[in-house]
Amino acid sequence: MTVASGQHGRSLSSLLLRAWRYGLVCLGALGWATAVAAGNTAGALPSASASAQTHPAPGAEAQAQVLGQTDRLWVVRPAPGDTLAGLALRFWGRADRAWLLAESNGLADGPGSGAVASESRQARPPPLSPDRLLVIARRLTNGIGFTPDGYQTVPILSYHRFGQPASAMVLPPEMLEAQLRQLASLGATVVPLSALADFLAGGQPLPAKSVVISVDDGHESFYRLAFPLLQKHGVPVTLFVPTDAVGQPEVLNWPQLQEMSATGLVSVQAHGKTHQSLVERAPGEDERTYRRALEVEVQVPRKLIEQYLTGKDPGPVDATVQYVAYPHGLANVAVLDSMTRNAFALGLSMLPGGNAFYTHPHMLLRTMVLGDGSLEAFNTLLQWRRALAP
Amino acid sequence: MTMTSSFLRAGCRGLAAGPAGLCFPLRTFFSAWRRLLRIHFRLAPLAWLAAFTLTGCSSLPPAAVVDPQPVPDVQLSDGQAAAQSMAGFISRQQTQAEQAEKQGHWALAAWHWEAIRALRPQDTTVMASQQRALQAAESLAALRVSQARLALQLGDLESAREWLLRALATQLDLPEAIEGVKQVERSLTRKRAAETVSRHRLNRMSRPPAAYEHAQLLALQGELAAAVDLLCVPWLRTTLQTQLPSGGWQT
């Protein structure tokens, strides 16, 4: 019996006495007895040894002790030397889900788990301690980033050219590096576009501050100025290239694309064949001719990129080219139908905003980073959550 | 005795249904009290005092789950430290559960109660608290899903999406709401895409210069000033103004 329960007990005796005098004993006594009994049950703290049960380890990486479990969760005590990655591997079979363990236990205030954050993460290891018990979900129930007051959105940043002088369409490389550092300091995780595709398709969770980086048009300044920086920071990027332009002056050539693609950091994807807007028609063009031209704009880039970068010509399902950034950022119903017909996983517009779990995969939002903007302006582009209307 | 049990059940139902749901059980509660007072009318002051006390008791979260632990000023043994960390954990989970309940975040509250239950599986009070939170989450989510269905029947896709999102906020693991939101968004996207084609059919031009393309991108982003800056040719400015979507794309 706790001190608090003892006080309840004295109050009960006093009230019972008075209630008896006034003929209320039946009502009052039972009500209080029930309430206090509930308190007693709850107040009985079992000893650690009584509640601690060591279960067979799902893996061998972490030595944490399972103190209790239900159908939905485990409560564990980390052992000295355990890491979040080790725990994630042991309980979920995936060390790369360490961030999820951190976020769900309120340990994710520091840097994110992605490439950009790696330097900071090494400097500040997650505060795991045997004194701090952790709750681990037994199955994934919330892969869509929902909380009671809002939900996760994933911004896709869009860049074009790099160099000097700065303008709306041209970003100086030192500004790109400053932005990458800014992402690290904010705890962001730069994820590949494929991770966003999985998030949208099957509710595979993403770190709360996930961001995707994309670069349009295949300008050669990307290879010369941006790629070395992205490589230095280990940041994955999706490069959207209009295939008719490849090899032309000031545009990347196939060997450069092959070299960058081979690093595994750069994913080369489709940006139309001619870079003509997919929603506009030539003068006098009928519906049938327009749709045939549209198919060429959608299909040919995939075929060419596959041939040059993988040496294969796979079908739509096995192709590595699964994403299209619509030239000029626009799509209509015919474009959406063509994307579905050709089994493209994602289509990217140029409408700004963060992408929620329900965003149409063929009309993703993208936010353009202006070359002459400030770091403060850059921060405002990072929309990681959308609040629910009260 | 029966009357008391019904009072307690009413209290529980009220808690399960959330703050709004308390109204009906409380009405039942006090009307029963009034019936009793017709018999014992002279005891009104004490009876009302007891009623308020009982009501307060039934609406409180389960009695303290954790005994307050004195802060030790000596080195703890491993066993003591383990017990203390467990007590701290339970206390934190209980606080979080109670806060979530106050805010109507029932699924979250249920999760925190369940974390305590994992350590104290025999604790019927904790189990009841979890059940109560789960039931509240389910009933609120069901209500919101039905509102979404109603909005869909009326053809109000935006409202339907909002109700489904609110249902998910109540009960995070609700596949029908997740799928429902995606379906609604699919319809909304096609609707907007259909509007796009008609706009562009009206304003066709041959291959535009790069400045025009870039200005169009900037304008889509809402960067109208930067877009106009790129267009030094007056006729291009006019074209831009007539071709751009009028902000109906934002989601």
# chains A, B, ... in the order shown; residues from 1 in each chain; ligands from 1
>>> residues_around(residues="Ala64 (chain A)", least_positions_apart="4", cutoff="9 Å", atoms="only C-alpha atoms", output="PyMOL selection string")
chain A and resi 57+76-80+82+87+130
>>> residues_around(residues="Arg90 (chain A)", least_positions_apart="2", cutoff="12 Å", atoms="only C-alpha atoms", output="PyMOL selection string")
chain A and resi 56-66+76+78+82-88+92-98+101+136+138
>>> write_last_selection(atoms="N, CA, C and O atoms", output="CSV table (one decimal), in the first residue's frame")
chain,number,residue,atom,x,y,z
A,56,PRO,N,13.8,-15.8,-25.6
A,56,PRO,CA,14.9,-16.2,-26.6
A,56,PRO,C,15.1,-15.0,-27.5
A,56,PRO,O,14.2,-14.3,-28.0
A,57,ALA,N,16.4,-14.8,-27.7
A,57,ALA,CA,16.8,-13.6,-28.5
A,57,ALA,C,16.3,-13.8,-30.0
A,57,ALA,O,16.7,-14.8,-30.6
A,58,PRO,N,15.6,-12.9,-30.6
A,58,PRO,CA,15.3,-12.9,-32.0
A,58,PRO,C,16.5,-12.9,-32.9
A,58,PRO,O,16.6,-13.3,-34.0
A,59,GLY,N,17.6,-12.3,-32.4
A,59,GLY,CA,18.9,-12.2,-33.1
A,59,GLY,C,20.0,-12.2,-32.1
A,59,GLY,O,19.8,-12.5,-30.9
A,60,ALA,N,21.2,-11.9,-32.5
A,60,ALA,CA,22.3,-12.0,-31.6
A,60,ALA,C,23.0,-10.7,-31.4
A,60,ALA,O,23.9,-10.6,-30.7
A,61,GLU,N,22.5,-9.6,-32.1
A,61,GLU,CA,23.3,-8.4,-32.2
A,61,GLU,C,23.2,-7.6,-30.9
A,61,GLU,O,24.2,-7.0,-30.5
A,62,ALA,N,22.1,-7.5,-30.3
A,62,ALA,CA,21.9,-6.7,-29.1
A,62,ALA,C,21.6,-7.7,-27.9
A,62,ALA,O,21.0,-8.7,-28.1
A,63,GLN,N,22.1,-7.3,-26.8
A,63,GLN,CA,21.9,-8.1,-25.6
A,63,GLN,C,20.8,-7.7,-24.7
A,63,GLN,O,20.7,-8.1,-23.5
A,64,ALA,N,20.0,-6.8,-25.2
A,64,ALA,CA,18.9,-6.2,-24.3
A,64,ALA,C,18.0,-7.3,-23.7
A,64,ALA,O,17.8,-8.3,-24.3
A,65,GLN,N,17.5,-7.0,-22.6
A,65,GLN,CA,16.7,-7.9,-21.9
A,65,GLN,C,15.2,-7.5,-22.1
A,65,GLN,O,14.8,-6.4,-21.9
A,66,VAL,N,14.4,-8.5,-22.5
A,66,VAL,CA,13.0,-8.3,-22.7
A,66,VAL,C,12.3,-8.4,-21.3
A,66,VAL,O,12.3,-9.4,-20.7
A,76,VAL,N,11.9,-3.4,-23.4
A,76,VAL,CA,13.2,-4.0,-23.2
A,76,VAL,C,14.2,-3.0,-22.4
A,76,VAL,O,14.0,-1.8,-22.5
A,78,PRO,N,18.0,-2.0,-22.5
A,78,PRO,CA,19.2,-2.2,-23.3
A,78,PRO,C,20.4,-2.6,-22.4
A,78,PRO,O,20.4,-2.2,-21.2
A,82,ASP,N,24.8,-1.9,-26.1
A,82,ASP,CA,23.8,-2.0,-27.2
A,82,ASP,C,23.7,-0.8,-28.0
A,82,ASP,O,23.8,0.3,-27.4
A,83,THR,N,23.4,-0.9,-29.2
A,83,THR,CA,23.2,0.3,-30.1
A,83,THR,C,21.7,0.2,-30.7
A,83,THR,O,21.1,-0.9,-30.7
A,84,LEU,N,21.3,1.3,-31.2
A,84,LEU,CA,19.9,1.3,-31.8
A,84,LEU,C,19.9,0.4,-33.0
A,84,LEU,O,18.9,-0.4,-33.2
A,85,ALA,N,21.0,0.4,-33.8
A,85,ALA,CA,21.1,-0.5,-34.9
A,85,ALA,C,21.0,-2.0,-34.5
A,85,ALA,O,20.4,-2.8,-35.1
A,86,GLY,N,21.8,-2.3,-33.5
A,86,GLY,CA,21.8,-3.6,-33.0
A,86,GLY,C,20.4,-4.1,-32.5
A,86,GLY,O,20.0,-5.2,-32.7
A,87,LEU,N,19.7,-3.2,-31.8
A,87,LEU,CA,18.4,-3.5,-31.3
A,87,LEU,C,17.4,-3.7,-32.5
A,87,LEU,O,16.6,-4.6,-32.5
A,88,ALA,N,17.5,-2.8,-33.5
A,88,ALA,CA,16.7,-2.9,-34.7
A,88,ALA,C,16.9,-4.2,-35.4
A,88,ALA,O,16.0,-4.8,-35.9
A,92,TRP,N,13.8,-6.5,-35.3
A,92,TRP,CA,13.0,-6.3,-36.6
A,92,TRP,C,13.8,-6.9,-37.7
A,92,TRP,O,13.3,-6.9,-38.9
A,93,GLY,N,15.0,-7.4,-37.5
A,93,GLY,CA,15.8,-8.0,-38.6
A,93,GLY,C,16.3,-6.9,-39.5
A,93,GLY,O,16.8,-7.3,-40.6
A,94,ARG,N,16.3,-5.7,-39.1
A,94,ARG,CA,16.7,-4.6,-40.0
A,94,ARG,C,17.5,-3.5,-39.2
A,94,ARG,O,16.8,-2.7,-38.6
A,95,ALA,N,18.8,-3.5,-39.4
A,95,ALA,CA,19.6,-2.5,-38.7
A,95,ALA,C,19.3,-1.1,-39.2
A,95,ALA,O,19.4,-0.1,-38.4
A,96,ASP,N,18.9,-1.0,-40.4
A,96,ASP,CA,18.6,0.3,-41.0
A,96,ASP,C,17.4,1.0,-40.5
A,96,ASP,O,17.0,2.1,-40.9
A,97,ARG,N,16.6,0.3,-39.6
A,97,ARG,CA,15.5,0.9,-39.0
A,97,ARG,C,15.8,1.5,-37.6
A,97,ARG,O,14.9,1.7,-36.8
A,98,ALA,N,17.1,1.7,-37.3
A,98,ALA,CA,17.5,2.2,-36.0
A,98,ALA,C,16.8,3.6,-35.8
A,98,ALA,O,16.3,3.9,-34.7
A,101,LEU,N,13.3,3.2,-34.3
A,101,LEU,CA,13.4,2.9,-32.8
A,101,LEU,C,13.7,4.2,-32.1
A,101,LEU,O,13.1,4.4,-31.0
A,136,ILE,N,9.3,-1.3,-28.1
A,136,ILE,CA,9.6,-1.7,-29.5
A,136,ILE,C,8.3,-2.4,-30.0
A,136,ILE,O,7.8,-3.4,-29.4
A,138,ARG,N,6.0,-4.7,-32.2
A,138,ARG,CA,6.3,-6.1,-32.7
A,138,ARG,C,5.9,-6.1,-34.2
A,138,ARG,O,6.3,-7.1,-34.9
>>> atom_distance(atom1="CA of Glu223 (chain B)", atom2="CA of Phe378 (chain A)")
13.7 Å
>>> residues_around(residues="region 88-100 of chain B", least_positions_apart="2", cutoff="8 Å", atoms="only C-alpha atoms", output="PyMOL selection string")
(chain A and resi 132-133) or (chain B and resi 61+65-66+84-86+102-106+108-113+115-116)
>>> decode(residues="region 60-75 of chain A", atoms="C-alpha atoms", output="PDB file, in the first residue's frame")
ATOM      1  CA  ALA A  60      22.263 -11.981 -31.572  1.00  0.00           C
ATOM      2  CA  GLU A  61      23.299  -8.415 -32.202  1.00  0.00           C
ATOM      3  CA  ALA A  62      21.921  -6.730 -29.104  1.00  0.00           C
ATOM      4  CA  GLN A  63      21.934  -8.147 -25.588  1.00  0.00           C
ATOM      5  CA  ALA A  64      18.923  -6.191 -24.348  1.00  0.00           C
ATOM      6  CA  GLN A  65      16.673  -7.912 -21.854  1.00  0.00           C
ATOM      7  CA  VAL A  66      12.984  -8.278 -22.665  1.00  0.00           C
ATOM      8  CA  LEU A  67      11.165  -7.243 -19.510  1.00  0.00           C
ATOM      9  CA  GLY A  68       7.651  -7.729 -20.790  1.00  0.00           C
ATOM     10  CA  GLN A  69       5.585  -8.064 -23.913  1.00  0.00           C
ATOM     11  CA  THR A  70       2.092  -7.953 -25.349  1.00  0.00           C
ATOM     12  CA  ASP A  71       0.730  -8.833 -28.761  1.00  0.00           C
ATOM     13  CA  ARG A  72       1.840  -5.462 -30.077  1.00  0.00           C
ATOM     14  CA  LEU A  73       5.034  -4.533 -28.260  1.00  0.00           C
ATOM     15  CA  TRP A  74       8.088  -5.456 -26.245  1.00  0.00           C
ATOM     16  CA  VAL A  75       9.498  -3.479 -23.355  1.00  0.00           C
TER      17      VAL A  75
END
